[in-house]
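Quick look at my_file10.tsv (TSV, C-alpha atoms):
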```
chain	number	residue	atom	x	y	z
G	216	MET	CA	0.00	0.00	0.00
G	217	SER	CA	1.06	3.60	-0.54
G	218	ARG	CA	1.32	5.08	2.93
G	219	ASP	CA	2.42	8.47	4.15
G	220	LEU	CA	5.08	9.08	6.80
G	221	LEU	CA	2.58	8.36	9.58
G	222	GLY	CA	1.61	5.02	8.07
G	223	ALA	CA	-1.79	6.11	6.72
G	224	ILE	CA	-2.82	5.16	3.19
G	225	SER	CA	-2.40	8.23	0.96
G	226	VAL	CA	-5.75	9.35	-0.41
G	227	HIS	CA	-5.77	11.39	-3.61
G	228	PRO	CA	-8.84	13.66	-3.62
G	229	GLY	CA	-11.60	13.29	-6.19
G	230	ARG	CA	-11.77	15.71	-9.10
G	231	ARG	CA	-14.37	17.23	-11.38
G	232	LEU	CA	-13.57	17.45	-15.09
G	233	THR	CA	-15.56	18.56	-18.09
G	234	ALA	CA	-15.63	16.94	-21.49
G	235	ARG	CA	-17.75	16.55	-24.59
G	236	LEU	CA	-19.77	13.61	-25.84
G	237	ALA	CA	-18.45	13.61	-29.41
G	238	GLU	CA	-20.44	10.68	-30.80
G	239	THR	CA	-23.21	8.28	-29.83
G	240	LEU	CA	-23.42	4.95	-31.62
G	241	ALA	CA	-25.82	2.02	-31.70
G	242	VAL	CA	-25.95	-1.52	-33.02
G	243	VAL	CA	-27.92	-1.41	-36.26
G	244	ASP	CA	-27.37	-4.92	-37.62
G	245	ALA	CA	-28.07	-7.51	-34.91
G	246	ALA	CA	-25.71	-9.96	-36.66
G	247	SER	CA	-22.71	-7.71	-35.93
G	248	PHE	CA	-21.31	-6.16	-32.76
G	249	GLU	CA	-20.35	-3.05	-34.75
G	250	THR	CA	-22.14	0.20	-34.03
G	251	GLN	CA	-23.11	3.13	-36.22
G	252	ARG	CA	-23.45	6.82	-35.47
G	253	VAL	CA	-26.84	7.97	-34.24
G	254	PRO	CA	-27.90	11.44	-33.03
G	255	GLY	CA	-28.44	10.20	-29.49
G	256	LEU	CA	-29.17	7.22	-27.27
G	257	THR	CA	-31.71	6.32	-24.62
G	258	LEU	CA	-29.93	4.94	-21.58
G	259	THR	CA	-31.97	2.68	-19.30
G	260	LEU	CA	-30.72	1.03	-16.11
G	261	GLU	CA	-30.08	-2.09	-18.22
G	262	GLY	CA	-28.09	-0.20	-20.85
G	263	VAL	CA	-29.05	0.62	-24.43
G	264	PRO	CA	-32.33	-1.12	-25.34
G	265	GLY	CA	-31.78	-3.62	-28.15
G	266	ASP	CA	-28.03	-3.73	-27.68
G	267	PRO	CA	-26.54	-7.21	-27.19
G	268	HIS	CA	-24.78	-5.88	-24.06
G	269	ALA	CA	-28.01	-4.64	-22.43
G	270	GLY	CA	-29.08	-6.31	-19.20
G	271	PHE	CA	-28.37	-6.41	-15.48
G	272	THR	CA	-26.68	-9.77	-16.02
G	273	ARG	CA	-24.72	-11.51	-18.76
G	274	ARG	CA	-22.89	-14.78	-19.39
G	275	ALA	CA	-19.30	-15.18	-18.22
G	276	GLY	CA	-16.84	-15.46	-21.09
G	277	PRO	CA	-13.10	-15.57	-21.72
G	278	ARG	CA	-12.68	-12.19	-19.98
G	279	GLU	CA	-13.71	-13.85	-16.70
G	280	PRO	CA	-11.53	-16.96	-16.46
G	281	TRP	CA	-12.35	-17.13	-12.74
G	282	HIS	CA	-16.01	-18.01	-13.48
G	283	PRO	CA	-17.28	-21.09	-15.33
G	284	ARG	CA	-17.84	-20.19	-19.00
G	285	GLY	CA	-21.53	-19.38	-19.48
G	286	ALA	CA	-22.36	-18.77	-15.81
G	287	GLU	CA	-24.81	-15.92	-15.29
G	288	ILE	CA	-23.00	-13.00	-13.70
G	289	ARG	CA	-23.64	-9.36	-12.87
G	290	SER	CA	-22.93	-7.26	-15.95
G	291	GLY	CA	-20.36	-4.52	-15.70
G	292	ARG	CA	-20.14	-4.17	-19.47
G	293	GLN	CA	-23.37	-2.50	-20.55
G	294	LEU	CA	-21.54	0.30	-22.35
G	295	SER	CA	-18.26	0.69	-24.20
G	296	ILE	CA	-16.79	4.19	-24.00
G	297	VAL	CA	-13.80	5.32	-26.06
G	298	SER	CA	-12.17	8.66	-26.78
G	299	VAL	CA	-11.40	10.64	-29.93
G	300	GLU	CA	-7.84	11.11	-28.72
G	301	GLU	CA	-7.11	7.46	-27.94
G	302	LEU	CA	-8.70	6.25	-31.18
G	303	ALA	CA	-6.41	8.65	-33.05
G	304	GLU	CA	-3.44	7.28	-31.12
G	305	ILE	CA	-4.43	3.69	-32.00
G	306	ALA	CA	-4.91	4.60	-35.68
G	307	SER	CA	-1.55	6.34	-35.84
G	308	ALA	CA	0.25	3.41	-34.21
G	309	MET	CA	-1.43	0.99	-36.62
G	310	GLY	CA	-0.52	3.14	-39.60
G	311	HIS	CA	-4.11	4.01	-40.51
G	312	SER	CA	-5.58	7.44	-41.03
G	313	VAL	CA	-8.54	6.49	-38.85
G	314	VAL	CA	-9.97	3.74	-36.65
G	315	GLU	CA	-13.68	4.34	-36.31
G	316	ALA	CA	-15.39	3.90	-32.92
G	317	GLY	CA	-18.15	1.93	-34.62
G	318	TRP	CA	-15.75	-0.70	-35.96
G	319	ILE	CA	-14.98	-1.79	-32.40
G	320	GLY	CA	-18.56	-1.52	-31.14
G	321	ALA	CA	-18.27	1.58	-28.97
G	322	ASP	CA	-21.46	3.22	-27.69
G	323	LEU	CA	-20.11	6.58	-26.56
G	324	VAL	CA	-17.12	8.57	-27.82
G	325	MET	CA	-15.74	11.22	-25.48
G	326	GLU	CA	-13.53	14.14	-26.35
G	327	GLY	CA	-11.38	16.21	-24.02
G	328	LEU	CA	-10.62	13.63	-21.33
G	329	PRO	CA	-6.92	12.82	-21.17
G	330	SER	CA	-6.14	9.08	-20.95
G	331	LEU	CA	-9.81	8.12	-20.82
G	332	SER	CA	-8.83	4.44	-20.54
G	333	PHE	CA	-7.38	5.20	-17.10
G	334	LEU	CA	-10.56	6.71	-15.62
G	335	PRO	CA	-10.81	4.62	-12.45
G	336	ALA	CA	-13.72	2.36	-11.51
G	337	GLY	CA	-16.33	4.49	-9.79
G	338	THR	CA	-15.83	7.51	-12.06
G	339	ARG	CA	-19.24	9.02	-12.90
G	340	LEU	CA	-20.13	10.71	-16.19
G	341	PHE	CA	-23.07	13.09	-15.89
G	342	PHE	CA	-24.87	13.94	-19.12
G	343	GLU	CA	-27.14	16.87	-19.87
G	344	GLY	CA	-30.67	15.87	-18.93
G	345	GLY	CA	-29.71	13.71	-15.97
G	346	ALA	CA	-28.38	10.41	-17.31
G	347	CYS	CA	-25.35	9.11	-15.44
G	348	VAL	CA	-23.01	6.21	-16.12
G	349	VAL	CA	-20.38	4.67	-13.83
G	350	VAL	CA	-17.03	3.39	-15.07
G	351	GLU	CA	-16.53	-0.28	-14.15
G	352	ALA	CA	-13.14	-1.18	-15.62
G	353	GLN	CA	-10.56	-0.54	-18.30
G	354	ASN	CA	-11.57	-2.38	-21.46
G	355	ALA	CA	-9.17	-4.95	-22.90
G	356	PRO	CA	-8.75	-4.96	-26.68
G	357	CYS	CA	-9.38	-8.35	-28.28
G	358	ARG	CA	-8.82	-10.09	-31.61
G	359	HIS	CA	-12.55	-9.95	-32.26
G	360	ALA	CA	-12.35	-6.16	-32.52
G	361	GLY	CA	-9.03	-6.45	-34.37
G	362	ARG	CA	-10.73	-8.66	-36.97
G	363	ALA	CA	-13.47	-6.07	-37.42
G	364	ILE	CA	-10.84	-3.40	-38.01
G	365	ALA	CA	-9.08	-5.64	-40.53
G	366	GLY	CA	-12.40	-6.01	-42.34
G	367	HIS	CA	-12.52	-2.27	-42.86
G	368	THR	CA	-8.85	-1.60	-43.58
G	369	GLY	CA	-8.27	-4.69	-45.70
G	370	ARG	CA	-5.09	-5.45	-43.75
G	371	PRO	CA	-5.40	-8.92	-42.15
G	372	GLY	CA	-2.50	-8.27	-39.75
G	373	ASP	CA	-4.68	-5.75	-37.91
G	374	GLU	CA	-6.47	-8.62	-36.19
G	375	LEU	CA	-3.36	-9.46	-34.19
G	376	SER	CA	-1.77	-6.04	-33.95
G	377	PHE	CA	-4.84	-4.28	-32.54
G	378	PRO	CA	-4.89	-6.13	-29.18
G	379	LYS	CA	-1.24	-5.20	-28.61
G	380	ILE	CA	-1.35	-1.63	-29.88
G	381	ALA	CA	-4.67	-0.73	-28.28
G	382	LYS	CA	-3.81	-2.02	-24.79
G	383	ARG	CA	-4.71	0.73	-22.29
G	384	LEU	CA	-6.12	2.85	-25.13
G	385	ARG	CA	-9.35	0.95	-25.79
G	386	GLY	CA	-11.47	2.91	-23.35
G	387	VAL	CA	-13.58	1.71	-20.46
G	388	VAL	CA	-16.70	-0.32	-19.84
G	389	ALA	CA	-19.49	1.23	-17.82
G	390	SER	CA	-22.93	0.70	-16.31
G	391	VAL	CA	-25.87	3.07	-16.37
G	392	GLU	CA	-26.51	4.54	-12.92
G	393	ARG	CA	-29.40	6.83	-13.86
G	394	VAL	CA	-31.58	6.82	-16.95
G	395	GLY	CA	-31.86	9.54	-19.56
G	396	GLU	CA	-31.32	10.60	-23.15
G	397	VAL	CA	-27.80	11.46	-24.26
G	398	ALA	CA	-27.09	13.50	-27.38
G	399	ALA	CA	-23.97	13.63	-29.52
G	400	GLY	CA	-22.27	17.01	-29.19
G	401	SER	CA	-23.42	17.69	-25.63
G	402	ASP	CA	-21.34	18.51	-22.56
G	403	VAL	CA	-20.44	15.98	-19.89
G	404	VAL	CA	-19.35	16.51	-16.29
G	405	VAL	CA	-16.95	13.85	-15.07
G	406	ARG	CA	-16.41	13.12	-11.39
G	407	VAL	CA	-13.28	11.10	-10.66
G	408	PRO	CA	-13.56	9.53	-7.19
G	409	GLU	CA	-10.89	9.80	-4.55
G	410	GLN	CA	-8.22	7.19	-5.09
G	411	TRP	CA	-5.45	5.35	-3.28
G	412	ILE	CA	-3.23	2.36	-3.91
G	413	TYR	CA	-4.17	-0.62	-1.72
U	53	MET	CA	-1.91	11.57	-12.62
U	54	SER	CA	0.97	9.53	-11.24
U	55	ARG	CA	3.31	9.05	-14.17
U	56	ASP	CA	6.71	7.43	-14.47
U	57	LEU	CA	9.81	9.09	-15.92
U	58	LEU	CA	8.63	8.33	-19.47
U	59	GLY	CA	5.27	9.98	-18.87
U	60	ALA	CA	3.24	6.76	-18.64
U	61	ILE	CA	0.71	6.30	-15.83
U	62	SER	CA	2.22	4.00	-13.20
U	63	VAL	CA	0.23	0.79	-12.95
U	64	HIS	CA	0.43	-1.19	-9.71
U	65	PRO	CA	-0.15	-4.89	-10.45
U	66	GLY	CA	-3.15	-6.75	-9.09
U	67	ARG	CA	-2.72	-9.05	-6.12
U	68	ARG	CA	-4.26	-12.21	-4.71
U	69	LEU	CA	-4.87	-12.37	-0.97
U	70	THR	CA	-6.53	-14.91	1.26
U	71	ALA	CA	-8.83	-14.21	4.17
U	72	ARG	CA	-11.59	-15.73	6.25
U	73	LEU	CA	-15.30	-15.06	6.30
U	74	ALA	CA	-15.67	-14.68	10.06
U	75	GLU	CA	-19.41	-13.98	10.25
U	76	THR	CA	-22.49	-13.88	8.05
U	77	LEU	CA	-25.44	-11.76	9.17
U	78	ALA	CA	-28.98	-11.18	8.00
U	79	VAL	CA	-31.84	-8.80	8.68
U	80	VAL	CA	-34.24	-10.61	11.00
U	81	ASP	CA	-36.64	-7.81	11.96
U	82	ALA	CA	-37.83	-5.97	8.85
U	83	ALA	CA	-38.46	-2.86	10.95
U	84	SER	CA	-34.74	-2.48	11.65
U	85	PHE	CA	-31.67	-2.28	9.43
U	86	GLU	CA	-29.70	-4.23	12.04
U	87	THR	CA	-28.52	-7.73	11.20
U	88	GLN	CA	-28.03	-10.85	13.29
U	89	ARG	CA	-25.57	-13.72	12.99
U	90	VAL	CA	-26.67	-16.62	10.82
U	91	PRO	CA	-24.68	-19.73	9.81
U	92	GLY	CA	-24.63	-18.69	6.17
U	93	LEU	CA	-26.28	-16.64	3.45
U	94	THR	CA	-27.65	-17.26	-0.02
U	95	LEU	CA	-26.29	-14.64	-2.40
U	96	THR	CA	-28.33	-13.98	-5.54
U	97	LEU	CA	-27.46	-11.50	-8.28
U	98	GLU	CA	-29.80	-9.06	-6.53
U	99	GLY	CA	-28.15	-9.51	-3.14
U	100	VAL	CA	-29.52	-11.25	-0.05
U	101	PRO	CA	-33.18	-12.22	-0.58
U	102	GLY	CA	-35.43	-10.39	1.85
U	103	ASP	CA	-32.80	-7.79	2.73
U	104	PRO	CA	-33.91	-4.15	2.31
U	105	HIS	CA	-30.77	-3.58	0.21
U	106	ALA	CA	-31.55	-6.37	-2.26
U	107	GLY	CA	-32.23	-5.39	-5.86
U	108	PHE	CA	-30.53	-4.34	-9.06
U	109	THR	CA	-31.78	-0.81	-8.42
U	110	ARG	CA	-32.55	1.40	-5.44
U	111	ARG	CA	-33.70	4.93	-4.66
U	112	ALA	CA	-31.15	7.75	-4.55
U	113	GLY	CA	-30.68	9.17	-1.07
U	114	PRO	CA	-28.47	11.62	0.81
U	115	ARG	CA	-25.38	9.62	-0.17
U	116	GLU	CA	-26.00	10.61	-3.81
U	117	PRO	CA	-26.48	14.38	-3.69
U	118	TRP	CA	-25.84	14.49	-7.45
U	119	HIS	CA	-29.12	12.67	-8.18
U	120	PRO	CA	-32.63	13.86	-7.32
U	121	ARG	CA	-33.71	12.31	-4.02
U	122	GLY	CA	-35.81	9.24	-4.73
U	123	ALA	CA	-34.69	8.74	-8.34
U	124	GLU	CA	-34.29	5.08	-9.30
U	125	ILE	CA	-30.61	4.33	-9.74
U	126	ARG	CA	-28.37	1.31	-10.22
U	127	SER	CA	-27.61	-0.21	-6.83
U	128	GLY	CA	-23.98	-0.53	-5.79
U	129	ARG	CA	-24.94	-1.17	-2.17
U	130	GLN	CA	-26.40	-4.68	-2.07
U	131	LEU	CA	-23.97	-5.81	0.60
U	132	SER	CA	-22.15	-4.20	3.53
U	133	ILE	CA	-18.80	-5.83	4.34
U	134	VAL	CA	-16.78	-4.99	7.45
U	135	SER	CA	-13.76	-6.52	9.16
U	136	VAL	CA	-13.07	-7.92	12.60
U	137	GLU	CA	-9.93	-5.78	12.80
U	138	GLU	CA	-11.55	-2.46	11.84
U	139	LEU	CA	-14.55	-3.05	14.12
U	140	ALA	CA	-12.10	-3.59	16.98
U	141	GLU	CA	-10.33	-0.37	16.03
U	142	ILE	CA	-13.64	1.53	16.01
U	143	ALA	CA	-14.66	0.04	19.36
U	144	SER	CA	-11.32	0.92	20.92
U	145	ALA	CA	-11.44	4.50	19.65
U	146	MET	CA	-15.02	4.87	20.95
U	147	GLY	CA	-14.05	3.47	24.34
U	148	HIS	CA	-16.19	0.34	24.03
U	149	SER	CA	-15.12	-3.26	24.47
U	150	VAL	CA	-16.98	-4.17	21.30
U	151	VAL	CA	-18.96	-2.76	18.39
U	152	GLU	CA	-20.95	-5.59	16.84
U	153	ALA	CA	-21.19	-5.93	13.06
U	154	GLY	CA	-24.92	-6.50	13.38
U	155	TRP	CA	-25.50	-3.15	15.10
U	156	ILE	CA	-24.44	-1.35	11.92
U	157	GLY	CA	-26.23	-3.72	9.55
U	158	ALA	CA	-23.25	-5.54	8.06
U	159	ASP	CA	-23.87	-8.67	5.98
U	160	LEU	CA	-20.37	-10.13	5.88
U	161	VAL	CA	-17.50	-9.82	8.36
U	162	MET	CA	-14.02	-10.57	7.04
U	163	GLU	CA	-10.94	-11.42	9.02
U	164	GLY	CA	-7.32	-11.24	7.89
U	165	LEU	CA	-7.58	-8.46	5.32
U	166	PRO	CA	-5.56	-5.41	6.36
U	167	SER	CA	-7.39	-2.09	5.93
U	168	LEU	CA	-10.45	-3.76	4.38
U	169	SER	CA	-12.09	-0.35	3.95
U	170	PHE	CA	-9.42	0.50	1.39
U	171	LEU	CA	-10.05	-2.48	-0.90
U	172	PRO	CA	-10.48	-0.64	-4.20
U	173	ALA	CA	-13.57	-0.74	-6.39
U	174	GLY	CA	-13.34	-3.80	-8.61
U	175	THR	CA	-11.83	-6.03	-5.91
U	176	ARG	CA	-13.42	-9.49	-6.12
U	177	LEU	CA	-14.06	-11.80	-3.17
U	178	PHE	CA	-14.38	-15.45	-4.15
U	179	PHE	CA	-16.16	-17.70	-1.67
U	180	GLU	CA	-16.02	-21.48	-1.38
U	181	GLY	CA	-18.71	-22.91	-3.62
U	182	GLY	CA	-18.47	-20.26	-6.32
U	183	ALA	CA	-20.18	-17.12	-5.05
U	184	CYS	CA	-18.35	-13.90	-5.91
U	185	VAL	CA	-18.90	-10.30	-4.86
U	186	VAL	CA	-17.35	-7.13	-6.26
U	187	VAL	CA	-16.38	-4.15	-4.13
U	188	GLU	CA	-18.12	-0.98	-5.29
U	189	ALA	CA	-16.93	1.71	-2.87
U	190	GLN	CA	-15.73	2.56	0.60
U	191	ASN	CA	-18.72	2.82	2.92
U	192	ALA	CA	-19.30	6.10	4.73
U	193	PRO	CA	-20.33	5.87	8.38
U	194	CYS	CA	-23.54	7.76	9.17
U	195	ARG	CA	-25.45	8.97	12.21
U	196	HIS	CA	-28.10	6.35	11.52
U	197	ALA	CA	-25.58	3.60	12.35
U	198	GLY	CA	-24.21	5.73	15.20
U	199	ARG	CA	-27.70	5.90	16.69
U	200	ALA	CA	-28.01	2.14	16.50
U	201	ILE	CA	-24.70	1.79	18.35
U	202	ALA	CA	-25.88	4.27	20.97
U	203	GLY	CA	-28.96	2.12	21.43
U	204	HIS	CA	-26.77	-0.81	22.40
U	205	THR	CA	-24.14	1.02	24.44
U	206	GLY	CA	-26.52	3.41	26.18
U	207	ARG	CA	-24.18	6.31	25.39
U	208	PRO	CA	-26.11	8.89	23.32
U	209	GLY	CA	-22.90	10.61	22.19
U	210	ASP	CA	-22.05	7.58	20.07
U	211	GLU	CA	-24.54	8.78	17.47
U	212	LEU	CA	-22.30	11.71	16.60
U	213	SER	CA	-18.91	10.25	17.40
U	214	PHE	CA	-19.32	7.12	15.27
U	215	PRO	CA	-19.40	8.91	11.88
U	216	LYS	CA	-16.13	10.69	12.75
U	217	ILE	CA	-14.31	7.79	14.39
U	218	ALA	CA	-15.39	5.17	11.86
U	219	LYS	CA	-14.44	7.19	8.77
U	220	ARG	CA	-12.37	4.88	6.51
U	221	LEU	CA	-12.93	2.00	8.95
U	222	ARG	CA	-16.56	1.20	8.17
U	223	GLY	CA	-15.85	-1.31	5.43
U	224	VAL	CA	-17.05	-1.39	1.85
U	225	VAL	CA	-20.25	-1.84	-0.11
U	226	ALA	CA	-20.39	-4.54	-2.73
U	227	SER	CA	-22.53	-6.20	-5.41
U	228	VAL	CA	-22.97	-9.88	-6.05
U	229	GLU	CA	-21.24	-10.93	-9.28
U	230	ARG	CA	-21.99	-14.64	-9.11
U	231	VAL	CA	-24.55	-16.49	-7.02
U	232	GLY	CA	-23.86	-19.06	-4.33
U	233	GLU	CA	-24.07	-19.98	-0.67
U	234	VAL	CA	-21.54	-18.47	1.72
U	235	ALA	CA	-20.82	-19.96	5.14
U	236	ALA	CA	-19.38	-18.31	8.24
U	237	GLY	CA	-15.91	-19.65	8.98
U	238	SER	CA	-15.01	-20.44	5.38
U	239	ASP	CA	-11.99	-19.26	3.39
U	240	VAL	CA	-12.10	-16.43	0.87
U	241	VAL	CA	-9.78	-15.61	-2.00
U	242	VAL	CA	-9.48	-11.89	-2.67
U	243	ARG	CA	-8.32	-10.48	-5.99
U	244	VAL	CA	-7.28	-6.84	-5.83
U	245	PRO	CA	-7.28	-5.37	-9.36
U	246	GLU	CA	-4.37	-3.48	-10.84
U	247	GLN	CA	-4.50	0.15	-9.74
U	248	TRP	CA	-3.20	3.55	-10.71
U	249	ILE	CA	-3.87	7.16	-9.78
U	250	TYR	CA	-5.69	9.06	-12.54
```
As structure tokens, the full file:
Amino acid sequence: MSRDLLGAISVHPGRRLTARLAETLAVVDAASFETQRVPGLTLTLEGVPGDPHAGFTRRAGPREPWHPRGAEIRSGRQLSIVSVEELAEIASAMGHSVVEAGWIGADLVMEGLPSLSFLPAGTRLFFEGGACVVVEAQNAPCRHAGRAIAGHTGRPGDELSFPKIAKRLRGVVASVERVGEVAAGSDVVVRVPEQWIY
Amino acid sequence: MSRDLLGAISVHPGRRLTARLAETLAVVDAASFETQRVPGLTLTLEGVPGDPHAGFTRRAGPREPWHPRGAEIRSGRQLSIVSVEELAEIASAMGHSVVEAGWIGADLVMEGLPSLSFLPAGTRLFFEGGACVVVEAQNAPCRHAGRAIAGHTGRPGDELSFPKIAKRLRGVVASVERVGEVAAGSDVVVRVPEQWIY
């Protein structure tokens, strides 16, 4: 643990940041996990209605090797949130002019939040109109998303390079804390909780 | 943000700890939030059946000043987890021989985890038999619990002193990630996630 000279765990105070919701995206073709730009989204407490990730629960998969595959578990992955800046960084490192948020199934694209992928669990994003989402965890890039990128760029090697290049740049997964409509182009208040190292 | 010499955010690796589930407690009288020792608990994805904190959602209260009072929100408070060691520390600082977990409505009492209240959000507790809970946040001690303590100790001042003395010692709130039975006296594996300071 990180402790101060008196032996107490050092607590870093919470902070309030502001950012912009650059894009909202939704699954349009149920056969694909890719998303497409829409003017806004309705967020319910189960996520985005109609989205394959909607629900209070989901099935455990390869991301949860500590649970039996297929076991019903609490969902902490209702929403995928990425940033304009990190997507640009991924594209640049992959040698592409662009990697679209929709190719990797993102729901919300933020702009103006440095190192969005490092927003800690418990960070709250407050949208105009009252909707609120809570960050659950950093998202891990997978070959599945890499393959989708390769399908758009026509470069098969992207399937394997994406998981390496996009590590710690692939955004966060989040749950809806309070319902509401969110609109592309609107302002977002971000509350980072106090933090410490255990 | 805490960055290393190259400008990258410093990531502290996750850790695996072991501990013991010392006590399991349940609400017995629906008119009170206090809990009483039971041999074990059934954990469902909504929490402990019959407990006032069970449910995927709950009503926003004074702990969530950023939401309208009474708004339906995602629940991150299904379970209250405290530790033998921190309860002893609270009791000692309050000048009592004991502060019982049940007086403050705890569901699970852990033993052998240093500074349990500082387990970060995303920490998973794995119980024998498969149940798993995820830490959501540090719990904030309130006058409500202080009043309950005062009711047992007969010292009215405990209502006000408890929230001050028990700050950062009052355990954590958690959600059930996977269902199962948990038994008092059994072993628990604790996985602390990797951490960083944003």
Proximity check chain G to chain U, 10 Å, nearest pairs one decimal Å, all atoms listed in the file, as JSON lines:
```
{"residue": "G:Met216", "atom": "CA", "partner": "U:Phe170", "partner_atom": "CA", "distance": 9.5}
{"residue": "G:Ala223", "atom": "CA", "partner": "U:Ser167", "partner_atom": "CA", "distance": 10.0}
{"residue": "G:Ile224", "atom": "CA", "partner": "U:Phe170", "partner_atom": "CA", "distance": 8.3}
{"residue": "G:Val226", "atom": "CA", "partner": "U:Phe170", "partner_atom": "CA", "distance": 9.7}
{"residue": "G:His227", "atom": "CA", "partner": "U:Ile249", "partner_atom": "CA", "distance": 7.7}
{"residue": "G:Gly229", "atom": "CA", "partner": "U:Tyr250", "partner_atom": "CA", "distance": 9.7}
{"residue": "G:Arg230", "atom": "CA", "partner": "U:Tyr250", "partner_atom": "CA", "distance": 9.6}
{"residue": "G:Thr259", "atom": "CA", "partner": "U:Ile125", "partner_atom": "CA", "distance": 9.8}
{"residue": "G:Leu260", "atom": "CA", "partner": "U:Arg126", "partner_atom": "CA", "distance": 6.3}
{"residue": "G:Glu261", "atom": "CA", "partner": "U:Arg126", "partner_atom": "CA", "distance": 8.9}
{"residue": "G:Phe271", "atom": "CA", "partner": "U:Phe108", "partner_atom": "CA", "distance": 7.1}
{"residue": "G:Thr272", "atom": "CA", "partner": "U:Leu97", "partner_atom": "CA", "distance": 8.0}
{"residue": "G:Ala275", "atom": "CA", "partner": "U:Arg230", "partner_atom": "CA", "distance": 9.5}
{"residue": "G:Trp281", "atom": "CA", "partner": "U:Phe178", "partner_atom": "CA", "distance": 9.0}
{"residue": "G:His282", "atom": "CA", "partner": "U:Gly182", "partner_atom": "CA", "distance": 7.9}
{"residue": "G:Pro283", "atom": "CA", "partner": "U:Gly182", "partner_atom": "CA", "distance": 9.1}
{"residue": "G:Ala286", "atom": "CA", "partner": "U:Arg230", "partner_atom": "CA", "distance": 7.9}
{"residue": "G:Glu287", "atom": "CA", "partner": "U:Arg230", "partner_atom": "CA", "distance": 6.9}
{"residue": "G:Ile288", "atom": "CA", "partner": "U:Arg230", "partner_atom": "CA", "distance": 5.0}
{"residue": "G:Arg289", "atom": "CA", "partner": "U:Glu229", "partner_atom": "CA", "distance": 4.6}
{"residue": "G:Ser290", "atom": "CA", "partner": "U:Glu229", "partner_atom": "CA", "distance": 7.8}
{"residue": "G:Gly291", "atom": "CA", "partner": "U:Glu229", "partner_atom": "CA", "distance": 9.1}
{"residue": "G:Pro329", "atom": "CA", "partner": "U:Tyr250", "partner_atom": "CA", "distance": 9.5}
{"residue": "G:Ser330", "atom": "CA", "partner": "U:Tyr250", "partner_atom": "CA", "distance": 8.4}
{"residue": "G:Leu331", "atom": "CA", "partner": "U:Tyr250", "partner_atom": "CA", "distance": 9.3}
{"residue": "G:Ser332", "atom": "CA", "partner": "U:Tyr250", "partner_atom": "CA", "distance": 9.8}
{"residue": "G:Phe333", "atom": "CA", "partner": "U:Tyr250", "partner_atom": "CA", "distance": 6.2}
{"residue": "G:Leu334", "atom": "CA", "partner": "U:Tyr250", "partner_atom": "CA", "distance": 6.2}
{"residue": "G:Pro335", "atom": "CA", "partner": "U:Tyr250", "partner_atom": "CA", "distance": 6.8}
{"residue": "G:Ala336", "atom": "CA", "partner": "U:Ala173", "partner_atom": "CA", "distance": 6.0}
{"residue": "G:Gly337", "atom": "CA", "partner": "U:Ala173", "partner_atom": "CA", "distance": 6.8}
{"residue": "G:Phe341", "atom": "CA", "partner": "U:Trp118", "partner_atom": "CA", "distance": 9.0}
{"residue": "G:Gly345", "atom": "CA", "partner": "U:His119", "partner_atom": "CA", "distance": 7.9}
{"residue": "G:Ala346", "atom": "CA", "partner": "U:His119", "partner_atom": "CA", "distance": 9.4}
{"residue": "G:Cys347", "atom": "CA", "partner": "U:His119", "partner_atom": "CA", "distance": 8.9}
{"residue": "G:Val348", "atom": "CA", "partner": "U:Arg126", "partner_atom": "CA", "distance": 9.4}
{"residue": "G:Val349", "atom": "CA", "partner": "U:Arg126", "partner_atom": "CA", "distance": 9.4}
{"residue": "G:Glu351", "atom": "CA", "partner": "U:Gly174", "partner_atom": "CA", "distance": 7.3}
{"residue": "G:Ala352", "atom": "CA", "partner": "U:Gly174", "partner_atom": "CA", "distance": 7.5}
{"residue": "G:Ser390", "atom": "CA", "partner": "U:Arg126", "partner_atom": "CA", "distance": 8.2}
{"residue": "G:Val391", "atom": "CA", "partner": "U:Arg126", "partner_atom": "CA", "distance": 6.9}
{"residue": "G:Glu392", "atom": "CA", "partner": "U:Arg126", "partner_atom": "CA", "distance": 4.6}
{"residue": "G:Arg393", "atom": "CA", "partner": "U:Ile125", "partner_atom": "CA", "distance": 5.0}
{"residue": "G:Val394", "atom": "CA", "partner": "U:Ile125", "partner_atom": "CA", "distance": 7.7}
{"residue": "G:Val407", "atom": "CA", "partner": "U:Tyr250", "partner_atom": "CA", "distance": 8.1}
{"residue": "G:Pro408", "atom": "CA", "partner": "U:Tyr250", "partner_atom": "CA", "distance": 9.5}
{"residue": "G:Glu409", "atom": "CA", "partner": "U:Ile249", "partner_atom": "CA", "distance": 9.1}
{"residue": "G:Gln410", "atom": "CA", "partner": "U:Ile249", "partner_atom": "CA", "distance": 6.4}
{"residue": "G:Trp411", "atom": "CA", "partner": "U:Ile249", "partner_atom": "CA", "distance": 6.9}
{"residue": "G:Ile412", "atom": "CA", "partner": "U:Gln247", "partner_atom": "CA", "distance": 6.4}
{"residue": "G:Tyr413", "atom": "CA", "partner": "U:Phe170", "partner_atom": "CA", "distance": 6.2}
```
Coordinates of box centre and edge lengths for region 351-357 of chain G, 3 Å on every side, axis-aligned, as AutoDock Vina command-line options:
```
--center_x -12.6 --center_y -4.3 --center_z -21.2 --size_x 13.8 --size_y 14.1 --size_z 20.1
```
field: For Leu340 (chain G), the nearest of the candidates G:Thr233, G:Ser307, G:Gln293, G:Thr250, counting all atoms listed in the file
entry: G:Thr233
- request: Record the distance separating CA of Val134 (chain U) and CA of Asp159 (chain U), expressed in Å with one decimal.
  value: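 Taking CA of Val134 (chain U) as the start and CA of Asp159 (chain U) as the end point, the length is 8.1 Å.
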